[in-house]
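Asks: The structure's right below; bear with me while I get my questions together.
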Amino acid sequence: MVNLREIKGRINSTKSTKQITKAMQMVSSSKLRRAEQNAKSYVPYMEKIQDVVGAIATGTKDSGHPMLTTRPVKKTAYLVIGSDRGLAGAYNSSILREVQNTINERHKSKDEYVVLVVGRVVRDYFVKRGHNVIADVVALPDQPSFADIKEIARNAVGMFIDGTYDELYMYYNHFVSAIQNEVTVKKVLPLTDIAPSSSNASYEFEPSGEAILEVLLPQYAESLIYGALLDGKASEHSARMTAMKNATDNANDLIADLSLQYNRARQAAITQEITEIVGGAAALE
């Protein structure tokens, strides 16, 4: 016979889990609203700096700046933006799968690439598998500021300029909606895909376009990284909210099944007791 106490214990423990997942869903929903606002607020700045850089780069095509120059690729860098915690569905695994597939296809040796990571989960993944992780940042707040990633962003740009690697690709989850994220790959360096300025505004360079590019290009590349981080954080909170909602729904389904099983077992026990009582009474007659 099914143990009624065991079923009751499973129901209670599932209810406790449901309360936790429901609370986590609500917290993630609150964080998502703020993260989405941060990501959207950053878009006008990105569009403006891209417009200015495009205008200056178009006017100074012969500047020879290393960030604008394509060179033979001897080593590639991958900047992977993930999370510090799990319980976010496929948020981290989808990025890691994409990066790992790219590495397997493009490289025959671990000496041909390096990895820069944001997030403890992705860092532990690459370190455990013996990849060359040259920079990492972990324990970021839920609403990060540029100061939180300033060091890794500047190191990423500086190592490219110094020749540590010859190209830099960035992998992150792009926020589409509260229920949809997509893995995005963006080439950060060299900056060969800068579109010419689309505005009719004219700029006067002082002291010169080359001098401004020397300062502006590193800032532009760093802003690309920070923008991707804000986008990724919004994706992380939405993925965790969705995962916790699914967990809560699964807990409700399990509670319903266990309750039905409990009621059937209880009814069977009552029926058996009545049968025994009737049988005993009949034996006494």
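Residue numbering restarts at 1 in every chain; chains get A, B, ... in the order shown in the structure tokens, and ligands count up from 1 in that same order.
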Give the helix (DSSP H, G or I) residues of segment 96-171 of chain A, as assigned by DSSP on the backbone, as an MDAnalysis selection string.
Replies: chainID A and resid 96:106 110:112 120:128 146:162
Asks: Got a sec to tell me which of segment 5-193 of chain A DSSP assigns to strand (DSSP E), as a ChimeraX atom specification?
Replies: /A:76-81,113-118,133-137,167-177,180-189
Asks: Taking a cut-off of 10 Å and counting only C-alpha atoms, can you build a table that, for each residue of segment 77-155 of chain A near segment 27-35 of chain A, reports the nearest atom pair and how far apart they are in Å (one decimal), sorted by chain then residue number, as a Markdown table?
Replies:
| residue | atom | partner | partner_atom | distance |
| --- | --- | --- | --- | --- |
| A:Asp142 | CA | A:Lys31 | CA | 7.4 |
| A:Gln143 | CA | A:Ala35 | CA | 6.3 |
| A:Pro144 | CA | A:Ala35 | CA | 9.1 |
Asks: Work out how far atom CA of Glu98 of chain A is from atom CA of Val183 of chain A, in Å to one decimal.
Replies: 7.8 Å
Asks: Please identify all polymer residues within 8 Å of Lys186 of chain A, counting only C-alpha atoms, omitting same-chain residues fewer than 6 positions from it, and present them as a ChimeraX atom specification.
Replies: /A:169-171
Asks: Might you pull out every residue within 10 Å of Lys18 of chain A, with only C-alpha atoms counted and same-chain residues fewer than 4 positions away left off, and present them as a VMD selection string?
Replies: chain A and resid 12 to 14 22 to 24 244 to 245 247 to 252 255
Asks: Would you mind listing what lies within 8 Å of Leu168 of chain A as a count of residues only, with only C-alpha atoms counted and same-chain residues fewer than 6 positions away left out?
Replies: 9
Asks: If you count only C-alpha atoms, which residues fall within 10 Å of Lys75 of chain A, apart from same-chain ones fewer than 5 positions away, as JSON, numbers by chain?
Replies: {"A": [107, 110, 111, 112, 113, 114, 163, 164, 165, 166, 167, 168]}
Asks: Residues within 9 Å of Ile134 of chain A, please, as an NGL selection string. Count only C-alpha atoms; anything in the same chain fewer than 3 positions from it doesn't count.
Replies: :A and (114-117)
Asks: Please report the interatomic distance between atom CA of Tyr172 of chain A and atom CA of Val80 of chain A in Å with one decimal.
Replies: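 So the answer is 6.3 Å.
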Asks: Between A:Ser94, A:Glu105, A:Val99, A:Ile161, which one has atoms that come closest to His174 of chain A, using only C-alpha atoms?
Replies: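 Closest to His174 of chain A of all the choices is A:Ser94.
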Asks: Write out as JSON lines the residues of segment 224-264 of chain A that have any atom within 12 Å of an atom of segment 45-56 of chain A, one row each with the nearest atom pair and its distance in Å to one decimal, counting only C-alpha atoms, sorted by chain and then rising number.
Replies:
{"residue": "A:Leu224", "atom": "CA", "partner": "A:Met46", "partner_atom": "CA", "distance": 7.7}
{"residue": "A:Ile225", "atom": "CA", "partner": "A:Met46", "partner_atom": "CA", "distance": 10.9}
{"residue": "A:Tyr226", "atom": "CA", "partner": "A:Met46", "partner_atom": "CA", "distance": 10.1}
{"residue": "A:Gly227", "atom": "CA", "partner": "A:Met46", "partner_atom": "CA", "distance": 7.8}
{"residue": "A:Ala228", "atom": "CA", "partner": "A:Met46", "partner_atom": "CA", "distance": 10.8}
Asks: Can I get the selected residues back with C-alpha atoms, as a PDB file, in the first residue's frame?
Replies:
ATOM      1  CA  LEU A 224      30.344  48.227 -27.349  1.00  0.00           C
ATOM      2  CA  ILE A 225      31.351  45.837 -24.580  1.00  0.00           C
ATOM      3  CA  TYR A 226      29.382  47.701 -21.937  1.00  0.00           C
ATOM      4  CA  GLY A 227      26.313  47.887 -24.173  1.00  0.00           C
ATOM      5  CA  ALA A 228      26.477  44.124 -24.724  1.00  0.00           C
TER       6      ALA A 228
END
Asks: Mind giving me the straight-line distance from atom CA of Met67 of chain A to atom CA of Leu229 of chain A in Å, one decimal?
Replies: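 These atoms are spaced 21.2 Å apart.
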Asks: Which of these, A:Val176, A:Met26, A:Leu96, A:Val43, has the shortest distance to Gly232 of chain A once you count only C-alpha atoms?
Replies: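 Ranking A:Val176, A:Met26, A:Leu96, A:Val43 by distance to Gly232 of chain A, first place goes to A:Val176.
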Asks: Here is a test: counting only C-alpha atoms, which residue of A:Thr70, A:Ser235, A:Gln180, A:Asn92 is nearest to Arg120 of chain A?
Replies: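 Residue with the minimum atom-to-atom distance to Arg120 of chain A: A:Asn92.
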Asks: Identify which of the residues A:Ile277, A:Ser238, A:Phe146, A:Ala221 lies closest to Thr192 of chain A, counting only C-alpha atoms when measuring atom-to-atom distances.
Replies: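 So, comparing all the options, the nearest one is A:Ala221.
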